[in-house]
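The structure appears right after this line, and notes come after that.
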Amino acid sequence: MERLEKLKAAIKGKKILLLGPTGSGKGNRAKDLEALGLVHIGLGAILREKVRKDPNSELSLSVIETTKKGTLLPDHLVFPIVMDYLNRNDCQQRGFVMEGFPRTKAQADLLLSEIDLDIVFLLDVPKAFLIDGILLFNRHSCIECKTTYSDFDPPKVKGICDRCGNRLIKRMSDRVERVKTRLKIYEEQIRSFLPDLEAKGIVQVLTITVDDDEAIRNKYLKKLKGEIYWVQTDRGGKARMLNYEGMRKRLYRILEEKLI
Ligand SMILES: [Zn+2]
């Protein structure tokens, strides 16, 4: 408990960015950071909320259109929303974790000109898991808090969110072709601005796979029907993967090394 309190004190006020493709666990990692006291800025959720509140605004119509076409929102609509959040008192004082932004080099340039980021976590998940995993492993998410579950990390009670008790629904956007397209777009986008972040020395890769010689307790590994799951890695060969708890432990350990 004391370790966690130390980490909470050390992370206060930090500005953290999470980058990773759909299905890499950005939302869940953001919640782990939120649990340490940071404000969670999820651009996707913010936009959905704005559309729900005012479906006829220029922003809402643009969100609906770009979602349909799979294109990106124009910067003049996105950036003011992001800046409003970043300038909020609670974000300034408590610090924040942002995901879903930036998506383009122009957005990254604007962000870097306004904010001194402390850490950028790059979520590294094998492509085979992102593509196959989505169809095969029964991904559901909470209608309210958006926490995701799958056969790997099932909820304690079927169909009910562990965190908030709301209903879980199947993620309908998770179709293989769409996932492949989004992955390709993600890779192009990230390549356009990752070097700028790396040049600042703030990028930290957060890998979900476990090295062969790494000693990890069984309870922190992904299992499928009780068996340890091995994923095809991007470099060839197979590796074990961390589960939800294992990833949180790895994330917190990295933060302790960096901040304490
Ligand atoms: Zn929930």
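For the structure tokens, the naming scheme is as follows: chains receive sequential letters (A, B, ...) according to their order of presentation, residues are indexed from 1 within each chain, and ligands are indexed from 1 in presentation order.
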
Problem set entry | Selection within 12 Å of ligand 1 by only C-alpha atoms and all ligand atoms, output as a ChimeraX atom specification | /A:27-28,31,140-149,155,159-169

Exercise. Please, which residues of stretch 9-253 of chain A, numbered as in this document, come out helix (DSSP H, G or I) from DSSP, as a ChimeraX atom specification?
Worked result: /A:9-11,26-34,43-53,58-69,75-86,89-94,105-114,127-136,176-199,218-220,244-253

Problem set entry | Shell of 10 Å around A:Arg29, only C-alpha atoms, local chain residues under 6 positions omitted, as a PyMOL selection string | chain A and resi 18+35+97+99+121+123+244+247-248+251

Exercise. Can you list, as number ranges by chain, every residue of stretch 46-254 of chain A that DSSP puts in strand (DSSP E or B)?
Worked result: A: 96-99, 119-124, 140-142, 148-149, 160, 167-170, 203-207, 209-210, 221, 223-224, 227-228, 230-232, 238-242

Now that the selection is made, can you save its residues with N, CA and C atoms as a tab-separated table (two decimals), in the first residue's frame?
chain	number	residue	atom	x	y	z
A	96	PHE	N	-2.56	14.57	-16.16
A	96	PHE	CA	-3.55	13.85	-16.98
A	96	PHE	C	-2.91	12.73	-17.77
A	97	VAL	N	-3.77	11.81	-18.19
A	97	VAL	CA	-3.39	10.79	-19.17
A	97	VAL	C	-4.34	10.96	-20.36
A	98	MET	N	-3.75	11.15	-21.53
A	98	MET	CA	-4.58	11.38	-22.72
A	98	MET	C	-4.41	10.22	-23.70
A	99	GLU	N	-5.53	9.80	-24.29
A	99	GLU	CA	-5.48	8.78	-25.35
A	99	GLU	C	-6.44	9.18	-26.46
A	119	ILE	N	5.75	11.74	-20.15
A	119	ILE	CA	5.99	10.38	-20.64
A	119	ILE	C	4.99	10.06	-21.76
A	120	VAL	N	5.46	9.41	-22.81
A	120	VAL	CA	4.58	8.87	-23.84
A	120	VAL	C	4.72	7.36	-23.81
A	121	PHE	N	3.65	6.66	-23.47
A	121	PHE	CA	3.69	5.20	-23.49
A	121	PHE	C	3.21	4.70	-24.84
A	122	LEU	N	4.06	3.90	-25.46
A	122	LEU	CA	3.71	3.30	-26.75
A	122	LEU	C	3.36	1.84	-26.50
A	123	LEU	N	2.09	1.50	-26.68
A	123	LEU	CA	1.64	0.14	-26.38
A	123	LEU	C	2.02	-0.81	-27.52
A	124	ASP	N	2.80	-1.80	-27.17
A	124	ASP	CA	3.35	-2.73	-28.14
A	124	ASP	C	2.66	-4.09	-27.98
A	140	HIS	N	-16.01	-7.69	-25.18
A	140	HIS	CA	-17.18	-6.93	-24.76
A	140	HIS	C	-16.68	-5.67	-24.06
A	141	SER	N	-17.50	-4.63	-24.08
A	141	SER	CA	-17.12	-3.48	-23.27
A	141	SER	C	-18.33	-2.95	-22.52
A	142	CYS	N	-18.03	-2.25	-21.42
A	142	CYS	CA	-19.07	-1.72	-20.54
A	142	CYS	C	-19.76	-0.53	-21.22
A	148	THR	N	-12.97	-2.83	-21.11
A	148	THR	CA	-13.18	-3.96	-22.02
A	148	THR	C	-12.86	-5.28	-21.34
A	149	TYR	N	-13.57	-6.30	-21.77
A	149	TYR	CA	-13.38	-7.66	-21.27
A	149	TYR	C	-13.29	-8.60	-22.46
A	160	ILE	N	-21.72	-8.44	-16.83
A	160	ILE	CA	-21.77	-7.29	-15.91
A	160	ILE	C	-20.36	-6.76	-15.65
A	167	ARG	N	-24.05	-2.92	-17.75
A	167	ARG	CA	-24.16	-4.00	-18.72
A	167	ARG	C	-22.98	-3.99	-19.69
A	168	LEU	N	-22.56	-5.18	-20.14
A	168	LEU	CA	-21.51	-5.27	-21.16
A	168	LEU	C	-22.15	-5.53	-22.52
A	169	ILE	N	-21.60	-4.88	-23.55
A	169	ILE	CA	-22.11	-5.14	-24.90
A	169	ILE	C	-20.96	-5.56	-25.81
A	170	LYS	N	-21.31	-6.32	-26.84
A	170	LYS	CA	-20.31	-6.78	-27.81
A	170	LYS	C	-19.82	-5.56	-28.59
A	203	VAL	N	9.65	8.82	-24.92
A	203	VAL	CA	8.86	7.65	-25.35
A	203	VAL	C	9.30	6.40	-24.59
A	204	GLN	N	8.33	5.71	-24.04
A	204	GLN	CA	8.58	4.48	-23.30
A	204	GLN	C	7.70	3.39	-23.91
A	205	VAL	N	8.33	2.34	-24.44
A	205	VAL	CA	7.54	1.25	-25.02
A	205	VAL	C	7.01	0.37	-23.88
A	206	LEU	N	5.72	0.07	-23.95
A	206	LEU	CA	5.09	-0.80	-22.95
A	206	LEU	C	4.66	-2.07	-23.67
A	207	THR	N	5.44	-3.12	-23.47
A	207	THR	CA	5.25	-4.36	-24.22
A	207	THR	C	4.36	-5.32	-23.46
A	209	THR	N	4.09	-8.61	-24.38
A	209	THR	CA	4.61	-9.98	-24.41
A	209	THR	C	5.68	-10.17	-23.33
A	210	VAL	N	5.90	-11.43	-22.98
A	210	VAL	CA	6.84	-11.80	-21.92
A	210	VAL	C	8.00	-12.55	-22.57
A	221	LEU	N	-0.34	-14.01	-16.27
A	221	LEU	CA	-0.28	-14.35	-17.70
A	221	LEU	C	-1.67	-14.53	-18.28
A	223	LYS	N	-4.50	-16.31	-20.10
A	223	LYS	CA	-4.85	-17.72	-20.27
A	223	LYS	C	-6.15	-17.81	-21.05
A	224	LEU	N	-6.24	-18.86	-21.83
A	224	LEU	CA	-7.46	-19.11	-22.58
A	224	LEU	C	-7.96	-20.49	-22.16
A	227	GLU	N	-5.51	-22.48	-20.01
A	227	GLU	CA	-4.16	-22.75	-20.51
A	227	GLU	C	-3.44	-21.44	-20.82
A	228	ILE	N	-2.13	-21.41	-20.55
A	228	ILE	CA	-1.35	-20.22	-20.89
A	228	ILE	C	-1.40	-20.01	-22.40
A	230	TRP	N	-0.22	-18.52	-25.99
A	230	TRP	CA	0.99	-18.11	-26.72
A	230	TRP	C	0.57	-17.39	-27.99
A	231	VAL	N	1.11	-16.20	-28.21
A	231	VAL	CA	0.73	-15.42	-29.39
A	231	VAL	C	1.88	-15.44	-30.40
A	232	GLN	N	1.50	-15.39	-31.68
A	232	GLN	CA	2.49	-15.24	-32.76
A	232	GLN	C	3.01	-13.81	-32.70
A	238	LYS	N	6.79	-17.45	-30.97
A	238	LYS	CA	5.63	-17.25	-30.11
A	238	LYS	C	6.05	-16.75	-28.74
A	239	ALA	N	5.15	-16.05	-28.11
A	239	ALA	CA	5.47	-15.53	-26.77
A	239	ALA	C	4.23	-15.56	-25.89
A	240	ARG	N	4.49	-15.58	-24.58
A	240	ARG	CA	3.38	-15.45	-23.63
A	240	ARG	C	3.01	-13.97	-23.52
A	241	MET	N	1.81	-13.71	-23.01
A	241	MET	CA	1.37	-12.32	-22.88
A	241	MET	C	0.92	-12.05	-21.44
A	242	LEU	N	1.04	-10.79	-21.05
A	242	LEU	CA	0.55	-10.40	-19.73
A	242	LEU	C	-0.96	-10.19	-19.78

For this session: Just give me the gap between atom CA of A:Leu43 and atom CA of A:Cys91 in Å, one decimal is fine.
Result: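 According to the coordinates, atom CA of A:Leu43 and atom CA of A:Cys91 are separated by 14.2 Å.
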
Exercise. Which one of A:Arg217, A:Lys225, A:Arg191, A:Arg103 sits closest to A:Phe137 if you count only C-alpha atoms?
Worked result: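 Once distances to A:Phe137 are computed over only C-alpha atoms, the minimum belongs to A:Lys225.
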
A:Lys12 surroundings by only C-alpha atoms, 12 Å radius, close-in-sequence under 5 positions cut, as a PDB file with N, CA and C atoms, in the first residue's frame:
ATOM      1  N   GLU A   5       1.056   4.605  -2.568  1.00  0.00           N
ATOM      2  CA  GLU A   5       0.929   5.992  -2.110  1.00  0.00           C
ATOM      3  C   GLU A   5       2.103   6.838  -2.605  1.00  0.00           C
ATOM      4  N   LYS A   6       3.300   6.234  -2.574  1.00  0.00           N
ATOM      5  CA  LYS A   6       4.489   6.925  -3.071  1.00  0.00           C
ATOM      6  C   LYS A   6       4.356   7.245  -4.552  1.00  0.00           C
ATOM      7  N   LEU A   7       3.842   6.260  -5.294  1.00  0.00           N
ATOM      8  CA  LEU A   7       3.685   6.442  -6.731  1.00  0.00           C
ATOM      9  C   LEU A   7       2.648   7.527  -7.025  1.00  0.00           C
ATOM     10  N   LEU A  33      -3.900   4.458 -14.816  1.00  0.00           N
ATOM     11  CA  LEU A  33      -3.248   5.732 -14.492  1.00  0.00           C
ATOM     12  C   LEU A  33      -4.223   6.661 -13.766  1.00  0.00           C
ATOM     13  N   GLU A  34      -5.485   6.592 -14.172  1.00  0.00           N
ATOM     14  CA  GLU A  34      -6.528   7.368 -13.502  1.00  0.00           C
ATOM     15  C   GLU A  34      -6.597   6.954 -12.018  1.00  0.00           C
ATOM     16  N   ALA A  35      -6.393   5.662 -11.771  1.00  0.00           N
ATOM     17  CA  ALA A  35      -6.438   5.156 -10.391  1.00  0.00           C
ATOM     18  C   ALA A  35      -5.322   5.748  -9.530  1.00  0.00           C
ATOM     19  N   LEU A  36      -4.287   6.290 -10.186  1.00  0.00           N
ATOM     20  CA  LEU A  36      -3.193   6.934  -9.441  1.00  0.00           C
ATOM     21  C   LEU A  36      -3.462   8.419  -9.224  1.00  0.00           C
ATOM     22  N   GLY A  37      -4.583   8.909  -9.758  1.00  0.00           N
ATOM     23  CA  GLY A  37      -4.969  10.297  -9.517  1.00  0.00           C
ATOM     24  C   GLY A  37      -4.957  11.197 -10.732  1.00  0.00           C
ATOM     25  N   LEU A  38      -4.478  10.688 -11.881  1.00  0.00           N
ATOM     26  CA  LEU A  38      -4.466  11.526 -13.085  1.00  0.00           C
ATOM     27  C   LEU A  38      -5.871  11.670 -13.661  1.00  0.00           C
ATOM     28  N   VAL A  39      -6.112  12.788 -14.348  1.00  0.00           N
ATOM     29  CA  VAL A  39      -7.382  12.961 -15.064  1.00  0.00           C
ATOM     30  C   VAL A  39      -7.277  12.198 -16.386  1.00  0.00           C
ATOM     31  N   ASP A  90      -8.194  20.988 -12.977  1.00  0.00           N
ATOM     32  CA  ASP A  90      -7.889  19.652 -12.450  1.00  0.00           C
ATOM     33  C   ASP A  90      -6.805  18.959 -13.283  1.00  0.00           C
ATOM     34  N   CYS A  91      -6.808  19.196 -14.596  1.00  0.00           N
ATOM     35  CA  CYS A  91      -5.769  18.593 -15.448  1.00  0.00           C
ATOM     36  C   CYS A  91      -4.406  19.188 -15.131  1.00  0.00           C
ATOM     37  N   GLN A  92      -4.381  20.503 -14.872  1.00  0.00           N
ATOM     38  CA  GLN A  92      -3.130  21.172 -14.541  1.00  0.00           C
ATOM     39  C   GLN A  92      -2.595  20.692 -13.196  1.00  0.00           C
ATOM     40  N   GLN A  93      -3.479  20.567 -12.213  1.00  0.00           N
ATOM     41  CA  GLN A  93      -3.030  20.246 -10.857  1.00  0.00           C
ATOM     42  C   GLN A  93      -2.764  18.762 -10.656  1.00  0.00           C
ATOM     43  N   ARG A  94      -3.724  17.952 -11.076  1.00  0.00           N
ATOM     44  CA  ARG A  94      -3.566  16.505 -10.839  1.00  0.00           C
ATOM     45  C   ARG A  94      -2.691  15.859 -11.901  1.00  0.00           C
ATOM     46  N   GLY A  95      -2.587  16.502 -13.076  1.00  0.00           N
ATOM     47  CA  GLY A  95      -1.930  15.869 -14.216  1.00  0.00           C
ATOM     48  C   GLY A  95      -2.967  15.081 -15.008  1.00  0.00           C
ATOM     49  N   PHE A  96      -2.563  14.566 -16.160  1.00  0.00           N
ATOM     50  CA  PHE A  96      -3.555  13.848 -16.978  1.00  0.00           C
ATOM     51  C   PHE A  96      -2.912  12.726 -17.769  1.00  0.00           C
ATOM     52  N   VAL A  97      -3.768  11.806 -18.192  1.00  0.00           N
ATOM     53  CA  VAL A  97      -3.387  10.792 -19.170  1.00  0.00           C
ATOM     54  C   VAL A  97      -4.338  10.957 -20.355  1.00  0.00           C
ATOM     55  N   ASP A 118       5.445  14.569 -20.133  1.00  0.00           N
ATOM     56  CA  ASP A 118       6.434  13.898 -19.302  1.00  0.00           C
ATOM     57  C   ASP A 118       6.775  12.512 -19.826  1.00  0.00           C
ATOM     58  N   LEU A 255       6.772   3.159 -14.045  1.00  0.00           N
ATOM     59  CA  LEU A 255       6.562   4.505 -13.473  1.00  0.00           C
ATOM     60  C   LEU A 255       7.407   4.707 -12.226  1.00  0.00           C
ATOM     61  N   LEU A 259       9.960   7.710 -11.939  1.00  0.00           N
ATOM     62  CA  LEU A 259       9.528   8.867 -11.150  1.00  0.00           C
ATOM     63  C   LEU A 259      10.014   8.890  -9.709  1.00  0.00           C
ATOM     64  N   ILE A 260      10.380   7.707  -9.178  1.00  0.00           N
ATOM     65  CA  ILE A 260      10.731   7.694  -7.744  1.00  0.00           C
ATOM     66  C   ILE A 260      12.247   7.518  -7.558  1.00  0.00           C
TER      67      ILE A 260
END

Sorted per-residue table, stretch 73-179 of chain A near stretch 60-67 of chain A, closest atoms and distance, 12 Å, only C-alpha atoms, as a Markdown table:
| residue | atom | partner | partner_atom | distance |
| --- | --- | --- | --- | --- |
| A:Leu73 | CA | A:Thr66 | CA | 6.3 |
| A:Pro74 | CA | A:Ser62 | CA | 8.5 |
| A:Asp75 | CA | A:Ser62 | CA | 11.5 |
| A:His76 | CA | A:Ser62 | CA | 11.4 |
| A:Leu77 | CA | A:Ser62 | CA | 8.7 |
| A:Val78 | CA | A:Val63 | CA | 9.9 |
| A:Ser173 | CA | A:Thr67 | CA | 10.6 |
| A:Arg178 | CA | A:Thr67 | CA | 11.8 |

Could you write out that same residue set with N, CA and C atoms as a PDB file, in the first residue's frame?
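Wrote result.pdb, looks like this:
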ATOM      1  N   LEU A  73     -11.213  13.728 -38.045  1.00  0.00           N
ATOM      2  CA  LEU A  73     -11.830  15.045 -37.842  1.00  0.00           C
ATOM      3  C   LEU A  73     -10.820  16.145 -38.162  1.00  0.00           C
ATOM      4  N   PRO A  74     -11.295  17.255 -38.749  1.00  0.00           N
ATOM      5  CA  PRO A  74     -10.366  18.352 -39.025  1.00  0.00           C
ATOM      6  C   PRO A  74      -9.815  18.971 -37.728  1.00  0.00           C
ATOM      7  N   ASP A  75      -8.576  19.421 -37.806  1.00  0.00           N
ATOM      8  CA  ASP A  75      -7.900  19.957 -36.621  1.00  0.00           C
ATOM      9  C   ASP A  75      -8.634  21.135 -35.997  1.00  0.00           C
ATOM     10  N   HIS A  76      -9.267  21.994 -36.848  1.00  0.00           N
ATOM     11  CA  HIS A  76      -9.893  23.181 -36.258  1.00  0.00           C
ATOM     12  C   HIS A  76     -11.078  22.808 -35.361  1.00  0.00           C
ATOM     13  N   LEU A  77     -11.601  21.589 -35.499  1.00  0.00           N
ATOM     14  CA  LEU A  77     -12.669  21.141 -34.601  1.00  0.00           C
ATOM     15  C   LEU A  77     -12.119  20.400 -33.388  1.00  0.00           C
ATOM     16  N   VAL A  78     -11.062  19.628 -33.602  1.00  0.00           N
ATOM     17  CA  VAL A  78     -10.529  18.794 -32.517  1.00  0.00           C
ATOM     18  C   VAL A  78      -9.688  19.588 -31.535  1.00  0.00           C
ATOM     19  N   SER A 173     -17.877  -2.553 -33.565  1.00  0.00           N
ATOM     20  CA  SER A 173     -16.966  -1.953 -34.540  1.00  0.00           C
ATOM     21  C   SER A 173     -15.794  -2.885 -34.842  1.00  0.00           C
ATOM     22  N   ARG A 178     -12.153  -4.046 -40.987  1.00  0.00           N
ATOM     23  CA  ARG A 178     -12.080  -2.691 -40.463  1.00  0.00           C
ATOM     24  C   ARG A 178     -10.874  -2.554 -39.522  1.00  0.00           C
TER      25      ARG A 178
END

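Each of A:Ala10, A:Val179, A:Ala108, A:Leu4 was compared to A:Gly23 using only C-alpha atoms, and A:Val179 turns out to be the nearest.
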
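With only C-alpha atoms as the atoms that count, the minimum distance from A:Glu245 to the choices A:Phe152, A:Thr104, A:Glu257, A:Leu194 is reached by A:Phe152.
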
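Of the listed residues (A:Gly25, A:Glu188, A:Pro102, A:Arg52), A:Gly25 comes nearest to A:Asp153; the distances count only C-alpha atoms.
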
Exercise. Hey, which of A:Ile11, A:Ile185, A:Ile190, A:Ile16 ends up closest to A:Leu72? Count only C-alpha atoms.
Worked result: A:Ile185

Exercise. Which distance in Å separates atom CA of A:Asp84 and atom CA of A:Ile46, to one decimal?
Worked result: 11.5 Å
